[in-house]
Amino acid sequence: MQFQIRTLYCRQWRCRLTAIAWLMTFLSNAHATADVQFIAARVWPSTLYTRLTLESEAAPTYRYFLLHHPERLVIDVDGGELTPALRQLSRHISAKDPFIAGVRVAKFDPKTLRIVIDLKQAIRADIFSLKPVANFQRRLVIDFYPKLKGDKDPLGDFITDKQVLAAPKNAPPLAQKSSSFVVVIDAGHGGEDPGAHGLRKTLEKEVVLQIAKRLKQLIDQQPTMTAVMTRSDDYFVPLAARVAKAQQHSAAVFVSIHADAYANRHARGSSVFMLSTRGATSAAARFLAQSQNQSDLIGGVSRSGDNYLDTTLLELIQRKTLQDSALLGKDVLEQLQKINPLHKSRVERAGFAVLKAPDIPSILVETAFISHPEEERKLRTARYQQQVAEAILNGIKRYQRQRHEQ
């Protein structure tokens with residue numbers, strides 16, 4: 001009887017020890033899964049601002065502070081691991097970066113990863129997290145802006161939606177020619193948002209920027225025209241901010257340039273779109289609008305800006321603007337037909353967020369399908385890029401003449 005009691009007692013303790021061991025293993029694994037493994041790091045420098053993104057599967061918990069003399073930004077990440085992506089981060093820093101001089105990453109203590117960013121000048125940092133979207137996991141985003149005296153921020157007119165709305169109305173005007181017809185050229189995507197890509201890894205954001213630069217050069221040669229670009233380098237600009245920049249410069253027309261992809265690799269041809277307030281004219285138009293409107297989610301801006309855009313669609317103003325957009329789109333489409341087959345023979349309509357300026361005729365030009373092998377090859381050539389720029393210019397000039405005659 002005594003032997004049975006001892007056996008039962010040992011079995012109870014063995015079960016308890018097993019349960020404790022299992023619990024410790026569970027807690028250890030839970031702690032391990034809570035560690036932040038940064039799997040990718042990317043840097044997008046420009047003269048306006050620099051963006052640094054750190055991608056991970058787990059949401060990072062972080063703190064940051066600025067140090068002076070010399071200028072540094074310090075970011076502490078709880079549970080962060082020193083991964084190969086972070087070890088190689090310093091290699092991504094360009095000597096031409098106007099803000100970042102270098103990056104150092106190390107374990108501050110067993111539970112904290114410290115990232116020290118050496119700066120070339122005093123900066124204003126905007127740091128935020130993004131949820132997974134498209135091909136990206138969770139991202140920690142650090143934007144570096146120049147630190148300015150006073151409360152006014154000249155970058156605010158197109159960096160974030162809130163700053164756009166708060167931009168002073170008496171901002172210094174753009175230096176323009178007399179009787180200038182201002183064309184705002186919008187090169188789609190940029191920075192963290194690459195847009196579509198072809199089988200040969202051609203990136204939409206790079207192709208359309210080259211076309212936009214060529215178009216700007218052509219427009220600036222016209223005696224009565226001035227060109228303004230929403231972006232002139234590889235950086236991200238929110239959709240609402242692109243619209244606001246056109247409004248700030250009192251644009252006569254707004255032209256957004258793209259080279260999109262479609263699920264059907266056989267889809268080809270050039271297209272021109274204008275805004276639709278009711279619905280898309282085709283399934284392809286709906287697909288393209290959805291893919292373009294996702295840009296803010298990929299680039300890292302809250303979609304709260306949509307409320308601002310929606311409230312600006314005033315029917316009395318918009319009706320005239322849409323009529324002019326249709327005329328501009330028709331003129332540009334006719335010129336594109338001379339250099340490339342058309343995907344649709346008419347100007348299509350869809351709910352593109354970037355076309356929602358209520359008082360500016362706006363079109364979106366799909367120069368070709370980057371997903372089509374032959375058109376991807378053409379998009380990579382300087383010859384076709386120049387042809388597209390010339391076609392758009394000729395369409396704008398015809399529209400300008402028609403408006404002057406009315």
# chains A, B, ... in the order shown; residues from 1 in each chain; ligands from 1
$ select_by_dssp --residues "segment 79-165 of chain A" --states "alpha helix (DSSP H)" --output "VMD selection string"
chain A and resid 84 to 87 161 to 165
$ write_last_selection --atoms "C-alpha atoms" --output "CSV table (one decimal), in the first residue's frame"
chain,number,residue,atom,x,y,z
A,84,PRO,CA,22.0,40.1,-42.7
A,85,ALA,CA,19.7,42.8,-44.1
A,86,LEU,CA,20.6,45.2,-41.3
A,87,ARG,CA,24.3,44.3,-41.5
A,161,ASP,CA,-2.2,65.1,-47.1
A,162,LYS,CA,-2.5,67.1,-43.9
A,163,GLN,CA,0.3,69.3,-44.9
A,164,VAL,CA,-1.3,69.8,-48.3
A,165,LEU,CA,-4.5,71.1,-46.7
$ select_by_dssp --residues "segment 102-141 of chain A" --states "strand (DSSP E)" --output "list in words"
Gly102, Val103, Arg104, Val105, Ala106, Lys107, Phe108, Asp109, Thr112, Leu113, Arg114, Ile115, Val116, Ile117, Asp118, Leu119, Ile123, Arg124, Ala125, Asp126, Ile127, Phe128, Ser129, Leu130, Arg138, Arg139, Leu140 and Val141 of chain A
$ write_last_selection --atoms "N, CA and C atoms" --output "PDB file, in the first residue's frame"
ATOM      1  N   GLY A 102      25.581  57.970 -42.701  1.00  0.00           N
ATOM      2  CA  GLY A 102      25.914  56.570 -42.459  1.00  0.00           C
ATOM      3  C   GLY A 102      24.950  55.947 -41.472  1.00  0.00           C
ATOM      4  N   VAL A 103      25.031  54.619 -41.348  1.00  0.00           N
ATOM      5  CA  VAL A 103      24.146  53.871 -40.443  1.00  0.00           C
ATOM      6  C   VAL A 103      24.973  52.857 -39.666  1.00  0.00           C
ATOM      7  N   ARG A 104      24.709  52.776 -38.362  1.00  0.00           N
ATOM      8  CA  ARG A 104      25.339  51.764 -37.509  1.00  0.00           C
ATOM      9  C   ARG A 104      24.242  50.974 -36.795  1.00  0.00           C
ATOM     10  N   VAL A 105      24.370  49.658 -36.787  1.00  0.00           N
ATOM     11  CA  VAL A 105      23.367  48.792 -36.165  1.00  0.00           C
ATOM     12  C   VAL A 105      24.062  47.813 -35.240  1.00  0.00           C
ATOM     13  N   ALA A 106      23.549  47.670 -34.014  1.00  0.00           N
ATOM     14  CA  ALA A 106      24.136  46.743 -33.040  1.00  0.00           C
ATOM     15  C   ALA A 106      23.106  46.438 -31.952  1.00  0.00           C
ATOM     16  N   LYS A 107      23.381  45.403 -31.161  1.00  0.00           N
ATOM     17  CA  LYS A 107      22.537  45.087 -30.010  1.00  0.00           C
ATOM     18  C   LYS A 107      22.933  46.014 -28.863  1.00  0.00           C
ATOM     19  N   PHE A 108      21.987  46.837 -28.402  1.00  0.00           N
ATOM     20  CA  PHE A 108      22.247  47.739 -27.287  1.00  0.00           C
ATOM     21  C   PHE A 108      22.286  46.955 -25.983  1.00  0.00           C
ATOM     22  N   ASP A 109      21.365  46.004 -25.860  1.00  0.00           N
ATOM     23  CA  ASP A 109      21.351  45.044 -24.765  1.00  0.00           C
ATOM     24  C   ASP A 109      20.651  43.786 -25.299  1.00  0.00           C
ATOM     25  N   THR A 112      17.261  44.652 -26.873  1.00  0.00           N
ATOM     26  CA  THR A 112      17.071  45.875 -27.662  1.00  0.00           C
ATOM     27  C   THR A 112      18.057  45.940 -28.819  1.00  0.00           C
ATOM     28  N   LEU A 113      17.532  46.213 -29.988  1.00  0.00           N
ATOM     29  CA  LEU A 113      18.356  46.480 -31.161  1.00  0.00           C
ATOM     30  C   LEU A 113      18.428  47.990 -31.344  1.00  0.00           C
ATOM     31  N   ARG A 114      19.612  48.515 -31.507  1.00  0.00           N
ATOM     32  CA  ARG A 114      19.784  49.963 -31.678  1.00  0.00           C
ATOM     33  C   ARG A 114      20.293  50.275 -33.084  1.00  0.00           C
ATOM     34  N   ILE A 115      19.581  51.201 -33.739  1.00  0.00           N
ATOM     35  CA  ILE A 115      19.972  51.683 -35.058  1.00  0.00           C
ATOM     36  C   ILE A 115      20.350  53.159 -34.920  1.00  0.00           C
ATOM     37  N   VAL A 116      21.579  53.482 -35.229  1.00  0.00           N
ATOM     38  CA  VAL A 116      22.059  54.863 -35.136  1.00  0.00           C
ATOM     39  C   VAL A 116      22.295  55.373 -36.557  1.00  0.00           C
ATOM     40  N   ILE A 117      21.603  56.440 -36.912  1.00  0.00           N
ATOM     41  CA  ILE A 117      21.710  57.019 -38.247  1.00  0.00           C
ATOM     42  C   ILE A 117      22.444  58.341 -38.136  1.00  0.00           C
ATOM     43  N   ASP A 118      23.646  58.392 -38.672  1.00  0.00           N
ATOM     44  CA  ASP A 118      24.445  59.617 -38.673  1.00  0.00           C
ATOM     45  C   ASP A 118      23.933  60.544 -39.769  1.00  0.00           C
ATOM     46  N   LEU A 119      23.736  61.815 -39.422  1.00  0.00           N
ATOM     47  CA  LEU A 119      23.075  62.766 -40.314  1.00  0.00           C
ATOM     48  C   LEU A 119      24.033  63.836 -40.817  1.00  0.00           C
ATOM     49  N   ILE A 123      17.531  67.500 -39.033  1.00  0.00           N
ATOM     50  CA  ILE A 123      16.397  66.967 -39.782  1.00  0.00           C
ATOM     51  C   ILE A 123      15.137  66.960 -38.926  1.00  0.00           C
ATOM     52  N   ARG A 124      14.024  66.780 -39.613  1.00  0.00           N
ATOM     53  CA  ARG A 124      12.737  66.484 -38.976  1.00  0.00           C
ATOM     54  C   ARG A 124      12.359  65.076 -39.411  1.00  0.00           C
ATOM     55  N   ALA A 125      12.158  64.178 -38.468  1.00  0.00           N
ATOM     56  CA  ALA A 125      11.890  62.777 -38.793  1.00  0.00           C
ATOM     57  C   ALA A 125      10.406  62.463 -38.634  1.00  0.00           C
ATOM     58  N   ASP A 126       9.901  61.691 -39.569  1.00  0.00           N
ATOM     59  CA  ASP A 126       8.534  61.172 -39.491  1.00  0.00           C
ATOM     60  C   ASP A 126       8.652  59.657 -39.537  1.00  0.00           C
ATOM     61  N   ILE A 127       8.304  58.980 -38.445  1.00  0.00           N
ATOM     62  CA  ILE A 127       8.479  57.536 -38.325  1.00  0.00           C
ATOM     63  C   ILE A 127       7.123  56.887 -38.067  1.00  0.00           C
ATOM     64  N   PHE A 128       6.799  55.863 -38.854  1.00  0.00           N
ATOM     65  CA  PHE A 128       5.504  55.200 -38.705  1.00  0.00           C
ATOM     66  C   PHE A 128       5.604  53.771 -39.231  1.00  0.00           C
ATOM     67  N   SER A 129       4.586  52.951 -38.896  1.00  0.00           N
ATOM     68  CA  SER A 129       4.540  51.548 -39.305  1.00  0.00           C
ATOM     69  C   SER A 129       3.460  51.350 -40.353  1.00  0.00           C
ATOM     70  N   LEU A 130       3.668  50.377 -41.227  1.00  0.00           N
ATOM     71  CA  LEU A 130       2.700  50.023 -42.251  1.00  0.00           C
ATOM     72  C   LEU A 130       2.350  48.547 -42.154  1.00  0.00           C
ATOM     73  N   ARG A 138       5.197  43.717 -43.035  1.00  0.00           N
ATOM     74  CA  ARG A 138       5.112  44.933 -42.214  1.00  0.00           C
ATOM     75  C   ARG A 138       6.377  45.770 -42.419  1.00  0.00           C
ATOM     76  N   ARG A 139       6.184  47.089 -42.422  1.00  0.00           N
ATOM     77  CA  ARG A 139       7.332  47.960 -42.644  1.00  0.00           C
ATOM     78  C   ARG A 139       7.408  49.073 -41.605  1.00  0.00           C
ATOM     79  N   LEU A 140       8.615  49.321 -41.152  1.00  0.00           N
ATOM     80  CA  LEU A 140       8.914  50.494 -40.335  1.00  0.00           C
ATOM     81  C   LEU A 140       9.495  51.533 -41.286  1.00  0.00           C
ATOM     82  N   VAL A 141       8.843  52.693 -41.384  1.00  0.00           N
ATOM     83  CA  VAL A 141       9.222  53.721 -42.348  1.00  0.00           C
ATOM     84  C   VAL A 141       9.788  54.931 -41.612  1.00  0.00           C
TER      85      VAL A 141
END
$ atom_distance --atom1 "atom CA of Asp359 of chain A" --atom2 "atom CA of Arg401 of chain A"
19.2 Å
$ closest_residue --among "A:Ala122, A:Ala259, A:Thr224, A:His92" --to "Leu67 of chain A" --atoms "only C-alpha atoms"
A:Ala122
$ atom_distance --atom1 "atom CA of Val237 of chain A" --atom2 "atom CA of Ala40 of chain A"
21.8 Å
$ residues_around --residues "Gln385 of chain A" --least-positions-apart "4" --cutoff "8 Å" --atoms "only C-alpha atoms" --output "PyMOL selection string"
chain A and resi 207+210-211+214+379-381+389
$ residues_around --residues "Leu327 of chain A" --least-positions-apart "2" --cutoff "12 Å" --atoms "only C-alpha atoms" --output "NGL selection string"
:A and (253 or 272-274 or 320-325 or 329-334 or 346-347 or 361-363 or 395-403)
$ closest_residue --among "A:His68, A:Lys111, A:His266, A:Lys344" --to "Gly80 of chain A" --atoms "only C-alpha atoms"
A:Lys111
$ residues_around --residues "Ala196 of chain A" --least-positions-apart "3" --cutoff "10 Å" --atoms "only C-alpha atoms" --output "list in words"
His189, Asp193, Lys201, Thr202, Leu203, Glu204, Lys205, His258, Ala259, Asp260, Ala261, Tyr262, Ser291, Gln292, Phe369, Ile370 and Ser371 of chain A
$ residues_around --residues "Thr226 of chain A" --least-positions-apart "5" --cutoff "9 Å" --atoms "only C-alpha atoms" --output "PyMOL selection string"
chain A and resi 176-177+180-184+216+219-221
$ write_last_selection --atoms "N, CA and C atoms" --output "CSV table (one decimal), in the first residue's frame"
chain,number,residue,atom,x,y,z
A,176,GLN,N,7.1,81.8,-64.0
A,176,GLN,CA,6.5,81.4,-65.3
A,176,GLN,C,6.7,82.4,-66.4
A,177,LYS,N,6.5,81.9,-67.6
A,177,LYS,CA,6.6,82.8,-68.8
A,177,LYS,C,5.3,83.7,-68.8
A,180,SER,N,1.6,82.1,-69.5
A,180,SER,CA,2.0,80.7,-69.5
A,180,SER,C,0.8,79.7,-69.3
A,181,PHE,N,0.9,78.7,-70.1
A,181,PHE,CA,-0.1,77.6,-70.0
A,181,PHE,C,0.6,76.5,-69.2
A,182,VAL,N,0.3,76.3,-67.9
A,182,VAL,CA,1.0,75.4,-67.0
A,182,VAL,C,0.5,74.0,-67.2
A,183,VAL,N,1.4,73.1,-67.5
A,183,VAL,CA,1.1,71.7,-67.6
A,183,VAL,C,1.8,70.9,-66.5
A,184,VAL,N,1.0,70.3,-65.6
A,184,VAL,CA,1.6,69.5,-64.5
A,184,VAL,C,1.7,68.1,-65.0
A,216,LYS,N,8.7,67.2,-70.2
A,216,LYS,CA,9.0,68.5,-69.6
A,216,LYS,C,9.9,69.3,-70.4
A,219,ILE,N,8.0,70.7,-73.4
A,219,ILE,CA,7.0,71.7,-73.0
A,219,ILE,C,7.8,73.0,-72.7
A,220,ASP,N,8.9,73.0,-72.0
A,220,ASP,CA,9.6,74.2,-71.6
A,220,ASP,C,10.2,74.9,-72.8
A,221,GLN,N,10.3,74.2,-74.0
A,221,GLN,CA,10.7,74.9,-75.2
A,221,GLN,C,9.6,75.6,-75.9
$ residues_around --residues "Ile100 of chain A" --least-positions-apart "5" --cutoff "9 Å" --atoms "only C-alpha atoms" --output "PyMOL selection string"
chain A and resi 45+50+93-95+117-121+144
$ atom_distance --atom1 "atom CA of Pro98 of chain A" --atom2 "atom CA of Tyr64 of chain A"
20.8 Å
